[in-house]
file work-v7.cif (mmCIF, C-alpha atoms and all ligand atoms)
data_structure
#
loop_
_atom_site.label_atom_id
_atom_site.label_comp_id
_atom_site.auth_asym_id
_atom_site.auth_seq_id
_atom_site.Cartn_x
_atom_site.Cartn_y
_atom_site.Cartn_z
CA MET A 1 62.90 -0.74 -16.93
CA SER A 2 59.67 1.13 -17.42
CA GLU A 3 58.68 -1.31 -20.16
CA THR A 4 59.03 -4.35 -17.95
CA ASP A 5 57.05 -2.57 -15.23
CA THR A 6 54.14 -1.97 -17.52
CA GLU A 7 54.34 -5.37 -19.15
CA SER A 8 54.46 -7.59 -16.13
CA PRO A 9 51.05 -6.74 -14.73
CA GLU A 10 49.62 -7.07 -18.21
CA LYS A 11 51.15 -10.48 -18.55
CA GLN A 12 49.78 -11.48 -15.22
CA GLU A 13 46.41 -10.23 -16.20
CA ARG A 14 46.53 -12.12 -19.49
CA SER A 15 47.36 -15.30 -17.69
CA ARG A 16 44.41 -14.76 -15.39
CA ASP A 17 42.19 -13.86 -18.26
CA ARG A 18 39.55 -16.49 -18.77
CA LEU A 19 36.68 -16.72 -21.17
CA GLY A 20 34.29 -15.32 -18.56
CA SER A 21 36.11 -12.10 -17.90
CA ARG A 22 36.80 -11.53 -21.59
CA PHE A 23 33.12 -11.96 -22.21
CA ALA A 24 32.31 -9.55 -19.41
CA ARG A 25 34.62 -6.91 -20.87
CA TRP A 26 33.18 -7.44 -24.32
CA LYS A 27 29.69 -6.99 -22.92
CA GLN A 28 30.77 -3.89 -21.04
CA SER A 29 32.33 -2.36 -24.15
CA ILE A 30 29.11 -3.01 -26.10
CA LEU A 31 27.10 -1.43 -23.37
CA GLU A 32 29.40 1.58 -23.22
CA ARG A 33 29.19 1.99 -26.95
CA THR A 34 25.44 1.67 -27.12
CA ARG A 35 24.42 3.63 -24.04
CA PRO A 36 24.88 7.15 -25.41
CA HIS A 37 22.96 6.35 -28.58
CA LYS A 38 20.08 4.65 -26.81
CA THR A 39 19.89 1.85 -29.36
CA LEU A 40 17.43 -1.00 -29.32
CA HIS A 41 19.87 -3.02 -27.30
CA TYR A 42 19.96 -0.26 -24.72
CA TRP A 43 16.19 -0.16 -24.45
CA VAL A 44 15.81 -3.93 -24.34
CA LYS A 45 18.39 -4.12 -21.60
CA LYS A 46 16.74 -1.29 -19.75
CA ALA A 47 13.34 -2.91 -20.13
CA PHE A 48 14.52 -6.20 -18.74
CA GLU A 49 16.71 -4.84 -16.00
CA GLU A 50 14.75 -1.93 -14.74
CA ILE A 51 11.21 -2.22 -15.85
CA LEU A 52 10.15 -5.78 -16.50
CA ALA A 53 11.92 -7.26 -13.55
CA ILE A 54 10.16 -5.29 -10.86
CA ARG A 55 7.95 -2.50 -12.07
CA ILE A 56 5.87 -4.55 -14.47
CA ILE A 57 5.37 -7.44 -12.09
CA ARG A 58 4.34 -5.02 -9.39
CA PHE A 59 2.05 -3.26 -11.81
CA ILE A 60 0.35 -6.54 -12.77
CA PHE A 61 -0.13 -7.45 -9.13
CA GLN A 62 -1.63 -4.08 -8.35
CA LEU A 63 -3.84 -4.13 -11.41
CA ILE A 64 -5.33 -7.52 -10.55
CA VAL A 65 -6.17 -6.44 -7.02
CA PHE A 66 -7.51 -3.14 -8.25
CA LEU A 67 -9.86 -4.88 -10.67
CA LEU A 68 -10.97 -7.33 -7.99
CA LEU A 69 -11.74 -4.57 -5.54
CA PHE A 70 -13.46 -2.42 -8.09
CA TYR A 71 -15.50 -5.44 -9.09
CA ALA A 72 -16.39 -6.02 -5.45
CA GLY A 73 -17.57 -2.42 -5.22
CA ILE A 74 -19.74 -2.92 -8.25
CA THR A 75 -21.27 -6.15 -6.92
CA TYR A 76 -22.09 -4.32 -3.72
CA VAL A 77 -23.79 -1.65 -5.70
CA LEU A 78 -25.60 -4.03 -8.03
CA GLY A 79 -26.80 -6.05 -5.08
CA TYR A 80 -25.60 -9.34 -6.55
CA ASP A 81 -22.45 -10.86 -7.90
CA PRO A 82 -22.82 -11.79 -11.57
CA LEU A 83 -19.75 -14.03 -11.54
CA LEU A 84 -20.74 -15.82 -8.36
CA GLU A 85 -24.28 -16.30 -9.58
CA SER A 86 -23.05 -17.66 -12.87
CA GLY A 87 -21.50 -20.44 -10.78
CA LEU A 88 -18.03 -19.70 -12.09
CA PHE A 89 -16.54 -18.91 -8.70
CA ALA A 90 -19.16 -20.38 -6.41
CA GLY A 91 -16.62 -22.68 -4.81
CA LEU A 92 -14.50 -19.73 -3.76
CA ALA A 93 -17.13 -18.04 -1.63
CA PHE A 94 -15.53 -19.41 1.55
CA LEU A 95 -12.55 -17.13 0.88
CA ILE A 96 -14.57 -13.98 1.41
CA PRO A 97 -14.19 -13.65 5.21
CA ILE A 98 -10.46 -14.28 4.91
CA PHE A 99 -10.06 -11.13 2.85
CA GLY A 100 -11.18 -9.12 5.83
CA TYR A 101 -7.85 -9.70 7.52
CA ILE A 102 -5.69 -8.73 4.61
CA PRO A 103 -4.62 -5.18 5.27
CA VAL A 104 -6.06 -3.41 2.33
CA VAL A 105 -7.88 -5.68 -0.08
CA PHE A 106 -11.31 -5.59 1.25
CA ASP A 107 -14.57 -4.01 0.60
CA MET A 108 -16.88 -3.96 3.50
CA PRO A 109 -20.24 -2.36 3.07
CA HIS A 110 -21.13 -1.91 6.70
CA GLY A 111 -24.20 -0.53 8.29
CA ILE A 112 -26.44 1.04 5.74
CA ALA A 113 -24.09 3.67 4.62
CA GLN A 114 -20.37 3.43 4.44
CA GLY A 115 -18.41 1.28 2.14
CA THR A 116 -14.81 0.96 3.11
CA ALA A 117 -11.81 -0.69 1.70
CA THR A 118 -9.15 -0.90 4.34
CA GLY A 119 -9.39 -4.49 5.52
CA PHE A 120 -8.27 -5.12 9.08
CA PHE A 121 -8.44 -1.47 9.88
CA ASP A 122 -12.20 -1.55 9.34
CA ILE A 123 -12.51 -4.64 11.46
CA ILE A 124 -10.50 -3.10 14.28
CA GLN A 125 -12.87 -0.14 14.25
CA LEU A 126 -16.06 -2.15 13.85
CA ILE A 127 -15.28 -4.75 16.50
CA GLY A 128 -13.58 -2.26 18.81
CA GLN A 129 -16.37 0.29 18.65
CA ALA A 130 -18.90 -2.50 19.22
CA GLY A 131 -17.25 -3.01 22.63
CA MET A 132 -15.05 -6.04 21.90
CA PHE A 133 -11.33 -6.50 21.59
CA PRO A 134 -10.34 -7.12 17.95
CA PHE A 135 -8.07 -10.10 18.55
CA ILE A 136 -7.84 -11.49 15.03
CA ALA A 137 -7.47 -8.15 13.31
CA LEU A 138 -4.78 -6.95 15.74
CA GLY A 139 -3.06 -10.32 15.34
CA ALA A 140 -2.98 -9.72 11.60
CA VAL A 141 -1.57 -6.22 12.16
CA LEU A 142 1.30 -7.76 14.09
CA ILE A 143 1.95 -10.85 11.97
CA ILE A 144 1.81 -9.49 8.43
CA PRO A 145 4.14 -6.47 8.73
CA ILE A 146 6.66 -8.47 10.75
CA LEU A 147 6.79 -11.18 8.08
CA ILE A 148 6.63 -9.08 4.93
CA GLY A 149 6.94 -5.46 5.97
CA ARG A 150 4.62 -3.09 4.17
CA SER A 151 4.72 -5.11 0.96
CA PHE A 152 0.95 -4.87 0.82
CA CYS A 153 1.32 -1.12 0.39
CA GLY A 154 3.78 -1.48 -2.44
CA TRP A 155 2.35 -4.47 -4.23
CA VAL A 156 -1.29 -4.92 -3.36
CA CYS A 157 -3.08 -1.84 -2.07
CA PRO A 158 -5.31 -0.62 -4.88
CA PHE A 159 -5.38 2.87 -3.50
CA GLY A 160 -1.59 2.94 -3.62
CA PHE A 161 -1.91 1.73 -7.20
CA ILE A 162 -4.17 4.63 -8.09
CA GLN A 163 -1.57 7.00 -6.71
CA ASP A 164 1.13 5.23 -8.71
CA LEU A 165 -0.99 5.76 -11.81
CA CYS A 166 -1.39 9.43 -10.91
CA SER A 167 2.37 9.83 -10.78
CA LEU A 168 2.68 8.39 -14.29
CA THR A 169 0.94 11.39 -15.81
CA PRO A 170 3.11 13.90 -17.68
CA ILE A 171 2.81 16.30 -14.75
CA ARG A 172 6.23 16.58 -13.21
CA THR A 173 6.29 15.23 -9.68
CA ARG A 174 7.89 17.37 -7.02
CA THR A 175 9.87 16.68 -3.91
CA VAL A 176 9.43 18.28 -0.53
CA SER A 177 12.11 19.41 1.85
CA LYS A 178 12.94 17.23 4.84
CA GLN A 179 11.36 19.67 7.28
CA THR A 180 8.10 19.87 5.33
CA ASN A 181 8.05 16.11 5.01
CA ARG A 182 8.48 15.70 8.75
CA LEU A 183 5.77 18.25 9.44
CA LEU A 184 3.32 16.65 7.02
CA SER A 185 4.06 13.20 8.43
CA TRP A 186 2.41 14.28 11.66
CA ILE A 187 -0.96 14.29 9.91
CA LYS A 188 -1.04 10.52 9.55
CA TYR A 189 -0.25 10.00 13.22
CA ILE A 190 -3.01 12.43 14.15
CA PHE A 191 -5.49 10.48 12.00
CA LEU A 192 -4.30 7.12 13.32
CA PHE A 193 -4.42 8.08 16.97
CA THR A 194 -7.73 9.92 16.64
CA THR A 195 -9.19 6.77 15.12
CA LEU A 196 -7.74 4.57 17.85
CA PHE A 197 -8.98 7.03 20.47
CA PHE A 198 -12.49 6.79 19.04
CA VAL A 199 -12.27 3.01 18.99
CA LEU A 200 -11.26 2.99 22.65
CA TRP A 201 -13.73 5.63 23.74
CA VAL A 202 -16.78 4.25 21.99
CA GLY A 203 -15.71 0.66 22.65
CA LEU A 204 -15.28 1.22 26.37
CA SER A 205 -18.53 3.13 26.74
CA THR A 206 -20.38 0.42 24.86
CA PHE A 207 -18.68 -2.27 26.93
CA LEU A 208 -19.47 -0.54 30.21
CA GLY A 209 -22.93 0.45 29.08
CA ILE A 210 -22.23 4.17 29.54
CA GLU A 211 -23.88 6.25 26.92
CA ALA A 212 -21.47 8.42 24.98
CA GLY A 213 -23.91 11.09 23.92
CA LEU A 214 -21.64 13.07 21.65
CA VAL A 215 -20.42 9.97 19.88
CA TYR A 216 -23.88 8.71 19.17
CA SER A 217 -24.93 12.03 17.79
CA LEU A 218 -21.83 11.82 15.61
CA ASN A 219 -23.15 8.49 14.40
CA SER A 220 -26.18 10.18 12.99
CA ALA A 221 -23.89 12.58 11.15
CA GLY A 222 -22.58 9.66 9.12
CA GLY A 223 -21.62 6.67 11.21
CA PHE A 224 -18.60 8.13 12.98
CA ALA A 225 -19.26 6.08 16.08
CA THR A 226 -19.34 2.86 14.06
CA ALA A 227 -16.05 3.24 12.32
CA TRP A 228 -14.49 6.66 12.55
CA TRP A 229 -11.95 6.51 9.77
CA SER A 230 -14.01 4.35 7.43
CA VAL A 231 -16.56 7.11 7.14
CA ILE A 232 -14.13 9.43 5.39
CA SER A 233 -11.58 6.97 4.02
CA PRO A 234 -10.92 8.05 0.43
CA SER A 235 -10.33 4.45 -0.56
CA GLY A 236 -13.83 3.58 0.61
CA THR A 237 -15.15 6.56 -1.30
CA PHE A 238 -13.36 5.47 -4.43
CA PHE A 239 -14.18 1.78 -4.34
CA VAL A 240 -17.69 1.83 -2.96
CA ILE A 241 -19.29 5.25 -2.98
CA VAL A 242 -18.16 6.26 -6.45
CA PRO A 243 -19.37 3.00 -8.09
CA TYR A 244 -22.56 3.48 -6.15
CA LEU A 245 -23.11 6.97 -7.47
CA TRP A 246 -22.10 5.87 -10.92
CA LEU A 247 -24.29 2.80 -11.15
CA ASN A 248 -27.22 4.54 -9.55
CA GLY A 249 -27.39 7.18 -12.13
CA VAL A 250 -26.00 10.08 -10.19
CA ILE A 251 -22.87 10.27 -12.27
CA SER A 252 -24.12 8.40 -15.30
CA PRO A 253 -27.65 7.31 -16.04
CA ILE A 254 -26.97 3.56 -16.26
CA ILE A 255 -29.40 2.57 -13.56
CA THR A 256 -32.05 5.05 -12.64
CA GLN A 257 -33.77 3.36 -9.73
CA TRP A 258 -32.51 5.97 -7.30
CA ASN A 259 -31.43 9.32 -8.51
CA PRO A 260 -31.43 12.07 -5.92
CA SER A 261 -30.09 15.48 -6.70
CA PRO A 262 -26.54 16.00 -5.38
CA LEU A 263 -27.96 18.97 -3.50
CA SER A 264 -29.83 16.56 -1.25
CA TRP A 265 -26.69 14.70 -0.21
CA ALA A 266 -25.68 14.75 3.42
CA PRO A 267 -22.66 16.98 4.18
CA ILE A 268 -20.53 13.92 4.92
CA MET A 269 -21.01 12.82 1.33
CA TRP A 270 -19.51 16.05 0.09
CA ILE A 271 -16.69 15.83 2.60
CA ARG A 272 -15.87 12.34 1.34
CA LEU A 273 -15.81 13.35 -2.30
CA ILE A 274 -13.79 16.51 -1.70
CA PHE A 275 -11.30 14.59 0.44
CA LEU A 276 -10.91 12.00 -2.33
CA LEU A 277 -10.39 14.74 -4.88
CA ILE A 278 -7.73 16.47 -2.76
CA VAL A 279 -5.89 13.17 -2.29
CA LEU A 280 -5.93 12.38 -6.02
CA VAL A 281 -4.78 15.85 -7.00
CA ALA A 282 -1.99 15.69 -4.40
CA ALA A 283 -0.88 12.36 -5.87
CA LEU A 284 -0.43 14.04 -9.25
CA PHE A 285 2.24 16.32 -7.82
CA TYR A 286 3.73 14.25 -5.01
CA THR A 287 4.26 10.52 -5.44
CA ARG A 288 2.19 8.53 -2.96
CA ALA A 289 1.17 11.69 -1.13
CA TYR A 290 -1.71 9.97 0.67
CA CYS A 291 0.47 7.06 1.82
CA ARG A 292 3.20 9.37 3.05
CA TRP A 293 1.16 11.87 4.95
CA ILE A 294 -2.36 10.69 5.61
CA CYS A 295 -3.17 6.97 5.48
CA PRO A 296 -3.60 5.58 9.02
CA VAL A 297 -3.66 2.00 7.73
CA GLY A 298 -0.15 2.23 6.35
CA THR A 299 0.94 4.17 9.42
CA LEU A 300 -0.27 1.41 11.71
CA MET A 301 1.54 -1.18 9.61
CA GLY A 302 4.63 1.03 9.60
CA LEU A 303 4.80 1.04 13.39
CA VAL A 304 5.24 -2.74 13.23
CA SER A 305 7.11 -3.03 9.93
CA GLN A 306 10.10 -1.14 11.32
CA PHE A 307 10.97 -4.49 12.92
CA SER A 308 10.24 -6.50 9.79
CA PHE A 309 12.27 -9.50 8.68
CA LEU A 310 11.80 -8.41 5.07
CA THR A 311 13.59 -5.20 4.14
CA VAL A 312 15.84 -3.81 1.46
CA SER A 313 19.48 -3.68 2.37
CA ARG A 314 22.18 -1.33 1.10
CA SER A 315 25.60 -2.90 0.94
CA ALA A 316 28.28 -0.84 2.67
CA THR A 317 30.96 -2.14 0.31
CA GLU A 318 29.15 -2.02 -3.02
CA CYS A 319 27.37 1.27 -2.53
CA LEU A 320 29.24 4.37 -3.70
CA HIS A 321 27.51 6.32 -0.93
CA GLY A 322 26.00 8.93 -3.12
CA ARG A 323 29.11 9.43 -5.22
CA CYS A 324 27.47 7.47 -8.02
CA GLU A 325 26.27 9.68 -10.85
CA GLU A 326 22.69 10.22 -9.90
CA GLN A 327 21.99 8.77 -6.44
CA ARG A 328 19.23 6.92 -8.15
CA CYS A 329 18.14 4.92 -5.10
CA THR A 330 17.02 8.02 -3.23
CA LYS A 331 15.50 9.63 -6.31
CA ALA A 332 13.55 6.46 -7.14
CA CYS A 333 11.91 6.12 -3.74
CA PRO A 334 8.23 6.98 -4.16
CA VAL A 335 7.74 7.67 -0.47
CA GLY A 336 10.68 10.02 -0.25
CA ILE A 337 13.03 8.00 1.94
CA ASP A 338 16.58 9.35 1.74
CA VAL A 339 18.09 5.91 1.18
CA ILE A 340 21.68 7.17 1.26
CA ALA A 341 21.15 8.94 4.56
CA GLN A 342 20.09 5.69 6.23
CA PRO A 343 22.82 3.59 7.80
CA PRO A 344 24.09 0.85 5.46
CA GLY A 345 22.69 -2.62 5.97
CA LYS A 346 19.05 -3.42 6.48
CA LEU A 347 16.83 -0.41 5.93
CA TYR A 348 14.37 -0.31 8.80
CA HIS A 349 12.03 2.50 7.93
CA ARG A 350 8.38 2.93 8.82
CA ASP A 351 7.60 4.46 5.45
CA CYS A 352 9.28 1.82 3.27
CA ILE A 353 6.59 0.11 1.20
CA MET A 354 8.94 -2.54 -0.26
CA CYS A 355 8.26 -1.37 -3.79
CA LEU A 356 11.88 -2.28 -4.67
CA ASP A 357 12.27 0.71 -6.96
CA CYS A 358 15.57 1.48 -5.24
CA VAL A 359 16.74 -2.08 -5.94
CA ALA A 360 15.83 -1.76 -9.60
CA LYS A 361 17.28 1.70 -10.07
CA CYS A 362 20.68 1.40 -8.39
CA GLY A 363 22.98 0.62 -11.28
CA TYR A 364 25.60 -0.90 -8.99
CA ASP A 365 23.62 -3.72 -7.46
CA ALA A 366 24.20 -2.16 -4.08
CA VAL A 367 20.62 -2.42 -2.85
CA LYS A 368 19.21 -5.89 -2.40
CA VAL A 369 16.22 -7.57 -0.88
CA ASP A 370 17.05 -8.99 2.50
CA TYR A 371 15.13 -11.48 4.60
CA SER A 372 16.75 -12.05 7.94
CA MET B 1 19.89 -7.88 17.50
CA ASN B 2 17.41 -5.99 19.62
CA ARG B 3 15.19 -5.52 16.63
CA ARG B 4 15.21 -9.25 16.00
CA VAL B 5 14.10 -9.94 19.57
CA ILE B 6 11.32 -7.36 19.35
CA ALA B 7 10.24 -8.78 15.97
CA ILE B 8 10.00 -12.31 17.33
CA ALA B 9 8.15 -11.09 20.42
CA LEU B 10 5.66 -9.16 18.30
CA LEU B 11 5.21 -12.13 16.01
CA CYS B 12 4.47 -14.46 18.93
CA LEU B 13 2.05 -11.90 20.35
CA GLY B 14 0.34 -11.59 16.98
CA ILE B 15 0.03 -15.34 16.50
CA SER B 16 -1.40 -15.76 20.01
CA ALA B 17 -3.92 -12.95 19.48
CA PHE B 18 -4.90 -14.38 16.12
CA ALA B 19 -5.28 -17.90 17.50
CA PHE B 20 -7.21 -16.67 20.53
CA GLY B 21 -9.54 -14.69 18.29
CA LEU B 22 -10.19 -17.77 16.20
CA ALA B 23 -10.71 -19.87 19.34
CA ILE B 24 -13.41 -17.54 20.67
CA GLY B 25 -14.98 -17.44 17.23
CA GLN B 26 -14.45 -13.79 16.42
CA HIS B 27 -14.16 -14.65 12.73
CA GLU B 28 -17.74 -15.90 12.89
CA LEU B 29 -18.79 -12.41 13.89
CA VAL B 30 -17.24 -10.98 10.76
CA ARG B 31 -18.76 -13.79 8.74
CA SER B 32 -22.19 -13.10 10.17
CA TRP B 33 -21.84 -9.42 9.39
CA LEU B 34 -20.96 -10.30 5.85
CA GLN B 35 -23.91 -12.64 5.74
CA TYR B 36 -26.08 -9.81 6.99
CA PHE B 37 -24.82 -7.59 4.21
CA SER B 38 -25.28 -10.20 1.54
CA ASP B 39 -28.82 -10.71 2.82
CA ALA B 40 -29.20 -6.98 2.52
CA TYR B 41 -28.18 -7.38 -1.12
CA ALA B 42 -31.17 -9.61 -1.63
CA ILE B 43 -33.68 -7.12 -0.30
CA GLY B 44 -31.98 -4.14 -1.88
CA PHE B 45 -30.73 -1.09 -0.08
CA PRO B 46 -33.49 1.29 0.88
CA GLN B 47 -31.33 4.37 1.55
CA PRO B 48 -27.75 3.36 1.09
CA ILE B 49 -26.12 6.78 1.20
CA PRO B 50 -26.13 8.96 4.31
S1 LIG A 401 -0.31 3.65 2.99
FE1 LIG A 401 -2.51 3.25 2.92
S2 LIG A 401 -3.21 3.86 0.87
FE2 LIG A 401 -0.96 3.76 0.85
S3 LIG A 401 -0.54 1.74 0.06
FE3 LIG A 401 -0.52 1.56 2.30
S4 LIG A 401 -2.62 1.03 2.91
FE4 LIG A 401 -2.66 1.71 0.76
S1 LIG A 402 22.25 4.40 -6.40
FE1 LIG A 402 23.25 2.54 -5.61
S2 LIG A 402 25.43 3.06 -5.53
FE2 LIG A 402 24.31 5.00 -5.73
S3 LIG A 402 24.06 5.72 -3.62
FE3 LIG A 402 22.23 4.53 -4.16
S4 LIG A 402 22.66 2.45 -3.46
FE4 LIG A 402 24.63 3.54 -3.50
S1 LIG A 403 13.33 2.45 0.29
FE1 LIG A 403 13.28 1.33 -1.67
S2 LIG A 403 11.82 -0.32 -1.36
FE2 LIG A 403 11.51 1.16 0.31
S3 LIG A 403 9.90 2.50 -0.46
FE3 LIG A 403 11.84 3.48 -1.00
S4 LIG A 403 12.28 2.73 -3.08
FE4 LIG A 403 10.68 1.39 -2.25
#
call {"tool": "encode", "arguments": {"input": "work-v7.cif", "output": "structure tokens"}}
result
Amino acid sequence: MSETDTESPEKQERSRDRLGSRFARWKQSILERTRPHKTLHYWVKKAFEEILAIRIIRFIFQLIVFLLLFYAGITYVLGYDPLLESGLFAGLAFLIPIFGYIPVVFDMPHGIAQGTATGFFDIIQLIGQAGMFPFIALGAVLIIPILIGRSFCGWVCPFGFIQDLCSLTPIRTRTVSKQTNRLLSWIKYIFLFTTLFFVLWVGLSTFLGIEAGLVYSLNSAGGFATAWWSVISPSGTFFVIVPYLWLNGVISPIITQWNPSPLSWAPIMWIRLIFLLIVLVAALFYTRAYCRWICPVGTLMGLVSQFSFLTVSRSATECLHGRCEEQRCTKACPVGIDVIAQPPGKLYHRDCIMCLDCVAKCGYDAVKVDYS
Amino acid sequence: MNRRVIAIALLCLGISAFAFGLAIGQHELVRSWLQYFSDAYAIGFPQPIP
């Protein structure tokens, strides 16, 4: 009796057994056998599944943009563009103004002093504080995050890339508790709304012709009334000011046309450099610390991207809801989103930068990219 | 569902703002600024750091 009971399902299974499922089981058994020993097969599989597929492509994207932006900083500093002058890219010059509306890939040496690298955020400040309404830039703020979420943060932003590089160092990255995270997240809203307040205040007073005395005196302290955030933006410091210092012989004596002693720098210069240093050191210990807690550009995009068509989506049926061995989706998230704690289905989260690390790391194919 | 409606509304608003900005030539302003800065390249920056 017991024999027939155990045999019949086996028989049924055998009859259902096709080449495909036998192959799948064979593959599974190989994987199970090789996994503990971490053989070449294991590493090749890991490389293709987890690294090459997403991380490397993202890395290449980020690297290209980083080099472009750093190059732009250097051309600004040199005063001419060697590639453009060589005629190699002369035909592409018409693309330059377009870059201004891409969220982060831009290098705008404005006024005499501040180089910035935050794209539309600079333009919102510059146009707004000049007393106009920044139609195109605000249009871009609405269109881009709705269509592709904060993908620019994950895949393009060179300052995000620098932080990703920082987290690759052997220093062990730490996590923060939920309460601390929530508390620190206030900082970025404070920076964003202070900037927008300045834009409104200075913009309105310029528009109405009322003199905003304090603001204009702030301008002489370093251009705060021209573009509040751009004056201290660490990405501007990194991509424009640092190349400037470097090429002008302050950091290294390559060009010595202008070589003042650091002691003669304006205080704002020191503030910029110290702010950049703090941000970079923080990124060594906390992945994407600047993006999570400070950057007003990402924060502004996040306000819109929570309605984005493009998100990741955790399947309610395929996900083991944290009962999988390591809860790798949550651990992989560089911006500290507790993926499991979010309701299943599309993940609408202001902080999600669409890096797809959770997609790559979940071993159960439970997290997917969703466009709907 | 609600999110979808808000997303489409925001998208329409964004496209209108973008188109209106282009129509009134705001991109030319940015272009002229850039032109100003590239002209500044040519003459060199007298005191580029605050
Ligand atoms: S949050 Fe800011 S710094 Fe971070 S990736 Fe986005 S735009 Fe770049
Ligand atoms: S790693 Fe995958 S299966 Fe595990 S909780 Fe995350 S999404 Fe679910
Ligand atoms: S939720 Fe996923 S895609 Fe979004 S930031 Fe975290 S790991 Fe990246």
call {"tool": "atom_distance", "arguments": {"input": "work-v7.cif", "atom1": "CA of Thr317 in chain A", "atom2": "CA of Ile340 in chain A"}}
result
13.2 Å
call {"tool": "residues_near_ligand", "arguments": {"input": "work-v7.cif", "ligand": "ligand LIG 402 (chain A)", "cutoff": "7 Å", "atoms": "only C-alpha atoms and all ligand atoms", "output": "ChimeraX atom specification"}}
result
/A:314,318-324,326-330,339-340,361-367
call {"tool": "residues_around", "arguments": {"input": "work-v7.cif", "residues": "Gly14 in chain B", "least_positions_apart": "3", "cutoff": "7 Å", "atoms": "only C-alpha atoms", "output": "JSON, numbers by chain"}}
result
{"A": [139, 140, 142, 143], "B": [10, 11, 17, 18]}
call {"tool": "write_last_selection", "arguments": {"input": "work-v7.cif", "atoms": "C-alpha atoms", "output": "PDB file, in the frame of the given file"}}
result
ATOM      1  CA  GLY A 139      -3.060 -10.320  15.340  1.00  0.00           C
ATOM      2  CA  ALA A 140      -2.980  -9.720  11.600  1.00  0.00           C
ATOM      3  CA  LEU A 142       1.300  -7.760  14.090  1.00  0.00           C
ATOM      4  CA  ILE A 143       1.950 -10.850  11.970  1.00  0.00           C
TER       5      ILE A 143
ATOM      6  CA  LEU B  10       5.660  -9.160  18.300  1.00  0.00           C
ATOM      7  CA  LEU B  11       5.210 -12.130  16.010  1.00  0.00           C
ATOM      8  CA  ALA B  17      -3.920 -12.950  19.480  1.00  0.00           C
ATOM      9  CA  PHE B  18      -4.900 -14.380  16.120  1.00  0.00           C
TER      10      PHE B  18
END
call {"tool": "residues_near_ligand", "arguments": {"input": "work-v7.cif", "ligand": "ligand LIG 403 (chain A)", "cutoff": "6 Å", "atoms": "all atoms listed in the file", "output": "list in words"}}
result
Ala332, Cys333, Pro334, Val335, Ile337, Val339, Cys352, Ile353, Met354, Cys355, Leu356, Asp357 and Cys358 of chain A
call {"tool": "closest_atom_pairs", "arguments": {"input": "work-v7.cif", "of": "chain A", "to": "ligand LIG 401 (chain A)", "cutoff": "10 Å", "atoms": "all atoms listed in the file", "output": "CSV"}}
result
residue,atom,partner,partner_atom,distance
A:Pro103,CA,A:LIG401,S4,6.9
A:Val104,CA,A:LIG401,S4,5.6
A:Val105,CA,A:LIG401,S4,9.0
A:Ala117,CA,A:LIG401,S4,9.4
A:Thr118,CA,A:LIG401,S4,7.0
A:Gly119,CA,A:LIG401,S4,9.1
A:Phe121,CA,A:LIG401,S4,9.4
A:Arg150,CA,A:LIG401,FE3,7.2
A:Ser151,CA,A:LIG401,FE3,8.6
A:Phe152,CA,A:LIG401,FE3,6.8
A:Cys153,CA,A:LIG401,S3,3.4
A:Gly154,CA,A:LIG401,S3,5.9
A:Trp155,CA,A:LIG401,S3,8.1
A:Val156,CA,A:LIG401,S3,7.5
A:Cys157,CA,A:LIG401,FE4,4.6
A:Pro158,CA,A:LIG401,FE4,6.7
A:Phe159,CA,A:LIG401,S2,5.0
A:Gly160,CA,A:LIG401,S3,4.0
A:Phe161,CA,A:LIG401,S3,7.4
A:Ile162,CA,A:LIG401,S2,9.0
A:Gln163,CA,A:LIG401,FE2,8.2
A:Asp164,CA,A:LIG401,S3,9.6
A:Lys188,CA,A:LIG401,S1,9.5
A:Ser233,CA,A:LIG401,S2,9.5
A:Pro234,CA,A:LIG401,S2,8.8
A:Ser235,CA,A:LIG401,S2,7.3
A:Arg288,CA,A:LIG401,FE2,6.9
A:Ala289,CA,A:LIG401,FE2,8.4
A:Tyr290,CA,A:LIG401,FE2,6.3
A:Cys291,CA,A:LIG401,S1,3.7
A:Arg292,CA,A:LIG401,S1,6.7
A:Trp293,CA,A:LIG401,S1,8.6
A:Ile294,CA,A:LIG401,S1,7.8
A:Cys295,CA,A:LIG401,FE1,4.6
A:Pro296,CA,A:LIG401,FE1,6.6
A:Val297,CA,A:LIG401,S4,5.0
A:Gly298,CA,A:LIG401,S1,3.7
A:Thr299,CA,A:LIG401,S1,6.6
A:Leu300,CA,A:LIG401,S1,9.0
A:Met301,CA,A:LIG401,FE3,8.1
A:Gly302,CA,A:LIG401,S1,8.7
A:Val335,CA,A:LIG401,FE2,9.6
A:Asp351,CA,A:LIG401,S1,8.3
A:Cys352,CA,A:LIG401,S1,9.8
A:Ile353,CA,A:LIG401,FE3,7.3
call {"tool": "atom_distance", "arguments": {"input": "work-v7.cif", "atom1": "CA of Gln306 in chain A", "atom2": "CA of Ile144 in chain A"}}
result
12.1 Å
call {"tool": "closest_residue", "arguments": {"input": "work-v7.cif", "among": "B:Gly21, B:Leu29, B:Ile8, B:Asn2", "to": "chain A", "atoms": "all atoms listed in the file"}}
result
B:Gly21
call {"tool": "closest_residue", "arguments": {"input": "work-v7.cif", "among": "A:Ser308, A:Ser315, A:Thr237, A:Gln342", "to": "chain B", "atoms": "only C-alpha atoms"}}
result
A:Ser308
call {"tool": "atom_distance", "arguments": {"input": "work-v7.cif", "atom1": "CA of Ser372 in chain A", "atom2": "CA of Phe309 in chain A"}}
result
5.2 Å
call {"tool": "closest_residue", "arguments": {"input": "work-v7.cif", "among": "A:Leu184, A:Val231, A:Leu200, A:Leu147", "to": "Cys12 in chain B", "atoms": "only C-alpha atoms"}}
result
A:Leu147
